$ cat target06.cif   # mmCIF, C-alpha atoms
data_start
loop_
_atom_site.group_PDB
_atom_site.id
_atom_site.type_symbol
_atom_site.label_atom_id
_atom_site.label_comp_id
_atom_site.auth_asym_id
_atom_site.auth_seq_id
_atom_site.Cartn_x
_atom_site.Cartn_y
_atom_site.Cartn_z
ATOM 1 C CA MET A 14 85.993 79.364 42.348
ATOM 2 C CA GLU A 15 87.066 82.621 40.706
ATOM 3 C CA LEU A 16 90.602 82.242 39.326
ATOM 4 C CA GLY A 17 91.382 85.777 38.172
ATOM 5 C CA GLU A 18 93.981 87.958 39.814
ATOM 6 C CA LYS A 19 93.740 91.745 39.866
ATOM 7 C CA THR A 20 96.672 94.006 39.035
ATOM 8 C CA LEU A 21 96.951 96.911 41.447
ATOM 9 C CA GLU A 22 100.075 98.570 40.091
ATOM 10 C CA LYS A 23 102.709 97.806 37.462
ATOM 11 C CA HIS A 24 106.322 98.598 38.393
ATOM 12 C CA TYR A 25 108.748 98.612 35.480
ATOM 13 C CA ILE A 26 112.256 97.564 36.440
ATOM 14 C CA TYR A 27 113.763 97.414 32.965
ATOM 15 C CA ARG A 28 112.685 98.469 29.466
ATOM 16 C CA GLY A 29 114.678 97.021 26.594
ATOM 17 C CA LYS A 30 114.535 96.493 22.828
ATOM 18 C CA ILE A 31 113.234 92.915 23.120
ATOM 19 C CA ILE A 32 111.766 92.640 26.610
ATOM 20 C CA ASN A 33 110.478 94.702 29.500
ATOM 21 C CA LEU A 34 110.620 93.463 33.089
ATOM 22 C CA ARG A 35 107.949 94.314 35.653
ATOM 23 C CA CYS A 36 107.283 93.467 39.273
ATOM 24 C CA ASP A 37 103.566 94.066 39.833
ATOM 25 C CA ASP A 38 101.501 94.422 42.971
ATOM 26 C CA ALA A 39 98.458 92.201 42.551
ATOM 27 C CA VAL A 40 95.647 90.553 44.500
ATOM 28 C CA LEU A 41 94.960 86.805 44.594
ATOM 29 C CA PRO A 42 91.419 85.433 44.129
ATOM 30 C CA ASP A 43 91.064 85.133 47.929
ATOM 31 C CA GLY A 44 91.956 88.819 48.404
ATOM 32 C CA ARG A 45 95.529 88.409 49.643
ATOM 33 C CA PRO A 46 98.210 90.655 48.102
ATOM 34 C CA CYS A 47 100.998 89.173 45.988
ATOM 35 C CA LYS A 48 103.865 90.145 43.691
ATOM 36 C CA ARG A 49 104.003 89.040 40.060
ATOM 37 C CA GLU A 50 107.263 89.192 38.086
ATOM 38 C CA ILE A 51 106.497 89.541 34.393
ATOM 39 C CA VAL A 52 108.660 89.566 31.288
ATOM 40 C CA GLU A 53 106.800 91.506 28.603
ATOM 41 C CA HIS A 54 107.526 90.431 25.035
ATOM 42 C CA SER A 55 105.794 91.527 21.836
ATOM 43 C CA GLY A 56 105.533 87.926 20.645
ATOM 44 C CA GLY A 57 106.782 86.064 17.634
ATOM 45 C CA ALA A 58 105.649 84.444 14.418
ATOM 46 C CA SER A 59 107.000 81.253 12.893
ATOM 47 C CA VAL A 60 106.503 79.225 9.730
ATOM 48 C CA LEU A 61 106.612 75.520 9.036
ATOM 49 C CA CYS A 62 107.677 75.287 5.399
ATOM 50 C CA VAL A 63 107.678 71.840 3.791
ATOM 51 C CA ARG A 64 108.705 71.570 0.138
ATOM 52 C CA GLU A 65 109.183 68.322 -1.742
ATOM 53 C CA GLY A 66 109.207 66.333 1.500
ATOM 54 C CA LYS A 67 111.804 68.550 3.187
ATOM 55 C CA VAL A 68 111.290 71.049 5.975
ATOM 56 C CA ALA A 69 113.161 74.357 6.053
ATOM 57 C CA LEU A 70 115.090 74.628 9.309
ATOM 58 C CA VAL A 71 117.414 77.374 10.419
ATOM 59 C CA LYS A 72 120.342 76.677 12.702
ATOM 60 C CA GLN A 73 121.216 79.678 14.793
ATOM 61 C CA PHE A 74 123.332 80.327 17.873
ATOM 62 C CA ARG A 75 121.109 81.247 20.798
ATOM 63 C CA TYR A 76 123.085 83.132 23.412
ATOM 64 C CA ALA A 77 120.774 82.287 26.332
ATOM 65 C CA TYR A 78 121.407 78.554 25.814
ATOM 66 C CA GLY A 79 125.013 78.884 24.669
ATOM 67 C CA GLU A 80 124.457 76.672 21.642
ATOM 68 C CA ALA A 81 123.310 76.644 18.052
ATOM 69 C CA ILE A 82 119.821 75.177 17.766
ATOM 70 C CA TYR A 83 117.476 74.123 14.984
ATOM 71 C CA GLU A 84 114.253 76.071 14.544
ATOM 72 C CA ILE A 85 111.611 76.713 11.946
ATOM 73 C CA PRO A 86 111.961 80.257 10.528
ATOM 74 C CA ALA A 87 110.689 82.774 13.066
ATOM 75 C CA GLY A 88 111.042 86.267 14.372
ATOM 76 C CA LYS A 89 109.832 88.892 16.798
ATOM 77 C CA LEU A 90 106.662 90.837 16.127
ATOM 78 C CA ASN A 91 107.009 94.576 15.809
ATOM 79 C CA ALA A 92 104.586 96.643 17.911
ATOM 80 C CA GLY A 93 101.056 96.217 16.509
ATOM 81 C CA GLU A 94 102.245 93.983 13.653
ATOM 82 C CA ASP A 95 99.941 91.328 12.184
ATOM 83 C CA PRO A 96 101.513 87.951 13.086
ATOM 84 C CA MET A 97 100.789 86.525 9.613
ATOM 85 C CA LEU A 98 102.650 89.375 7.919
ATOM 86 C CA ALA A 99 105.554 88.909 10.331
ATOM 87 C CA ALA A 100 105.644 85.189 9.530
ATOM 88 C CA LYS A 101 105.750 85.904 5.774
ATOM 89 C CA ARG A 102 108.515 88.442 6.332
ATOM 90 C CA GLU A 103 110.605 86.079 8.438
ATOM 91 C CA LEU A 104 110.231 83.178 6.009
ATOM 92 C CA GLU A 105 111.656 85.250 3.169
ATOM 93 C CA GLU A 106 114.298 87.038 5.260
ATOM 94 C CA GLU A 107 115.688 83.842 6.730
ATOM 95 C CA THR A 108 115.240 81.290 3.920
ATOM 96 C CA GLY A 109 114.673 83.233 0.725
ATOM 97 C CA LEU A 110 111.298 81.506 0.263
ATOM 98 C CA ILE A 111 107.912 83.130 -0.352
ATOM 99 C CA ALA A 112 104.576 81.536 0.550
ATOM 100 C CA GLU A 113 101.440 82.180 -1.492
ATOM 101 C CA GLN A 114 99.423 81.511 1.634
ATOM 102 C CA LEU A 115 99.988 80.913 5.335
ATOM 103 C CA VAL A 116 97.631 78.780 7.399
ATOM 104 C CA HIS A 117 97.476 79.505 11.127
ATOM 105 C CA ARG A 118 98.003 76.278 13.071
ATOM 106 C CA TYR A 119 98.620 77.268 16.696
ATOM 107 C CA THR A 120 99.189 80.078 19.131
ATOM 108 C CA LEU A 121 101.730 78.891 21.667
ATOM 109 C CA TYR A 122 102.238 80.292 25.184
ATOM 110 C CA PRO A 123 105.879 79.236 25.727
ATOM 111 C CA THR A 124 106.261 80.062 29.438
ATOM 112 C CA PRO A 125 102.963 81.171 31.016
ATOM 113 C CA GLY A 126 104.413 81.409 34.528
ATOM 114 C CA TYR A 127 106.271 84.648 33.896
ATOM 115 C CA THR A 128 105.900 86.006 30.361
ATOM 116 C CA ASN A 129 103.074 87.282 28.172
ATOM 117 C CA GLU A 130 104.850 86.177 24.972
ATOM 118 C CA LYS A 131 102.719 84.451 22.338
ATOM 119 C CA ILE A 132 104.229 82.592 19.398
ATOM 120 C CA TYR A 133 102.063 82.192 16.306
ATOM 121 C CA ILE A 134 102.752 79.075 14.242
ATOM 122 C CA TYR A 135 101.825 79.080 10.559
ATOM 123 C CA GLU A 136 102.232 76.576 7.750
ATOM 124 C CA ALA A 137 103.378 77.762 4.324
ATOM 125 C CA VAL A 138 101.341 76.796 1.237
ATOM 126 C CA GLY A 139 102.460 77.338 -2.361
ATOM 127 C CA VAL A 140 106.119 78.062 -1.720
ATOM 128 C CA GLY A 141 108.351 79.690 -4.319
ATOM 129 C CA ALA A 142 111.756 81.321 -4.520
ATOM 130 C CA GLY A 143 112.390 84.808 -3.200
ATOM 131 C CA ALA A 144 115.588 86.345 -1.855
ATOM 132 C CA GLN A 145 117.179 85.820 1.542
ATOM 133 C CA HIS A 146 118.019 89.067 3.346
ATOM 134 C CA LEU A 147 119.061 88.555 6.947
ATOM 135 C CA ASP A 148 118.760 91.311 9.540
ATOM 136 C CA GLU A 149 121.940 93.112 10.540
ATOM 137 C CA GLY A 150 123.756 90.976 13.104
ATOM 138 C CA GLU A 151 121.752 87.859 12.214
ATOM 139 C CA PHE A 152 123.795 84.771 11.394
ATOM 140 C CA LEU A 153 122.168 81.454 10.546
ATOM 141 C CA ASN A 154 122.370 78.439 8.283
ATOM 142 C CA VAL A 155 119.341 77.180 6.355
ATOM 143 C CA GLU A 156 118.971 73.425 5.999
ATOM 144 C CA PHE A 157 116.302 71.528 4.083
ATOM 145 C CA VAL A 158 115.813 68.323 6.043
ATOM 146 C CA PRO A 159 113.551 65.405 5.070
ATOM 147 C CA VAL A 160 110.499 65.491 7.329
ATOM 148 C CA ARG A 161 111.191 61.983 8.674
ATOM 149 C CA GLU A 162 114.720 63.018 9.579
ATOM 150 C CA ALA A 163 113.438 66.175 11.305
ATOM 151 C CA LEU A 164 110.990 64.046 13.319
ATOM 152 C CA ALA A 165 113.874 61.760 14.298
ATOM 153 C CA MET A 166 115.766 64.903 15.404
ATOM 154 C CA VAL A 167 112.830 65.704 17.706
ATOM 155 C CA GLU A 168 112.850 62.152 19.094
ATOM 156 C CA ASN A 169 116.617 62.066 19.708
ATOM 157 C CA GLY A 170 116.706 65.535 21.300
ATOM 158 C CA THR A 171 118.572 67.343 18.517
ATOM 159 C CA ILE A 172 115.604 69.663 17.968
ATOM 160 C CA LYS A 173 114.743 71.242 21.337
ATOM 161 C CA ASP A 174 112.833 74.361 20.302
ATOM 162 C CA ALA A 175 109.175 74.193 21.445
ATOM 163 C CA LYS A 176 107.565 75.916 18.441
ATOM 164 C CA THR A 177 109.494 73.672 16.055
ATOM 165 C CA ILE A 178 108.516 70.521 17.945
ATOM 166 C CA VAL A 179 104.838 71.539 17.993
ATOM 167 C CA ALA A 180 104.864 72.364 14.269
ATOM 168 C CA LEU A 181 106.599 69.130 13.254
ATOM 169 C CA LEU A 182 104.465 66.859 15.440
ATOM 170 C CA ASP A 183 101.303 68.554 14.189
ATOM 171 C CA TYR A 184 102.449 68.121 10.581
ATOM 172 C CA SER A 185 103.164 64.428 11.130
ATOM 173 C CA ARG A 186 99.759 63.959 12.780
ATOM 174 C CA ARG A 187 98.028 65.503 9.782
ATOM 175 C CA ASN A 188 100.280 63.696 7.282
ATOM 176 C CA PRO A 189 100.693 60.204 8.752
ATOM 177 C CA GLY A 190 102.577 58.866 5.719
ATOM 178 C CA VAL A 191 105.668 61.024 6.267
#
$ encode --input "target06.cif" --output "structure tokens"
Amino acid sequence: MELGEKTLEKHYIYRGKIINLRCDDAVLPDGRPCKREIVEHSGGASVLCVREGKVALVKQFRYAYGEAIYEIPAGKLNAGEDPMLAAKRELEEETGLIAEQLVHRYTLYPTPGYTNEKIYIYEAVGVGAGAQHLDEGEFLNVEFVPVREALAMVENGTIKDAKTIVALLDYSRRNPGV
């Protein structure tokens, strides 16, 4: 069975700095018309950075959830930006660390039912000191947490962020002694 749907017309309802909202007219595989509500997002890049057995986590208030949450360093992609360059930028901006190399681990589709956002997950290799320089209006705390403790934070529900959970579980799978 053919699974593709065809877009007939895109109707923009809202255009913002971070997201756009559309309500499209589309056609289902069986030919019936349907509506598709889509949140457009340019995507994000994130970095798992483990140094001396500790993972760099940022704790930041996230308005949509009404709480401060733990995440690996990450940020929004600018239009047309290479995700790897964005990941390098965000690592230094948020933590003051510079990676000699980034290894792509995953591309995550966080909510495929209504957004086209993709989050690229990288792992930092050869990490050295740089200088933290947060964006205007960005407030966060950087914590270097032992990997085992971070994994326990996943298990006990302290870490709830999907990209961070994926990155930490992947790291522990590839490094079973942690």
$ residues_around --input "target06.cif" --residues "region 48-62 of chain A" --least-positions-apart "2" --cutoff "6 Å" --atoms "only C-alpha atoms" --output "VMD selection string"
chain A and resid 32 to 39 68 to 69 85 to 90 96 100 127 to 137
$ atom_distance --input "target06.cif" --atom1 "CA of Asp95 (chain A)" --atom2 "CA of Pro123 (chain A)"
19.1 Å
$ residues_near_point --input "target06.cif" --point "(102.8, 80.4, 2.8)" --cutoff "7 Å" --atoms "all atoms listed in the file" --output "JSON, numbers by chain"
{"A": [101, 111, 112, 113, 114, 115, 136, 137, 138, 139, 140]}
$ write_last_selection --input "target06.cif" --atoms "C-alpha atoms" --output "tab-separated table (two decimals), keeping the file's coordinate frame"
chain	number	residue	atom	x	y	z
A	101	LYS	CA	105.75	85.90	5.77
A	111	ILE	CA	107.91	83.13	-0.35
A	112	ALA	CA	104.58	81.54	0.55
A	113	GLU	CA	101.44	82.18	-1.49
A	114	GLN	CA	99.42	81.51	1.63
A	115	LEU	CA	99.99	80.91	5.34
A	136	GLU	CA	102.23	76.58	7.75
A	137	ALA	CA	103.38	77.76	4.32
A	138	VAL	CA	101.34	76.80	1.24
A	139	GLY	CA	102.46	77.34	-2.36
A	140	VAL	CA	106.12	78.06	-1.72
$ closest_residue --input "target06.cif" --among "A:Thr124, A:Asn154, A:Thr20, A:Gln145" --to "Glu106 (chain A)" --atoms "only C-alpha atoms"
A:Gln145
$ atom_distance --input "target06.cif" --atom1 "CA of Val160 (chain A)" --atom2 "CA of Val191 (chain A)"
6.7 Å
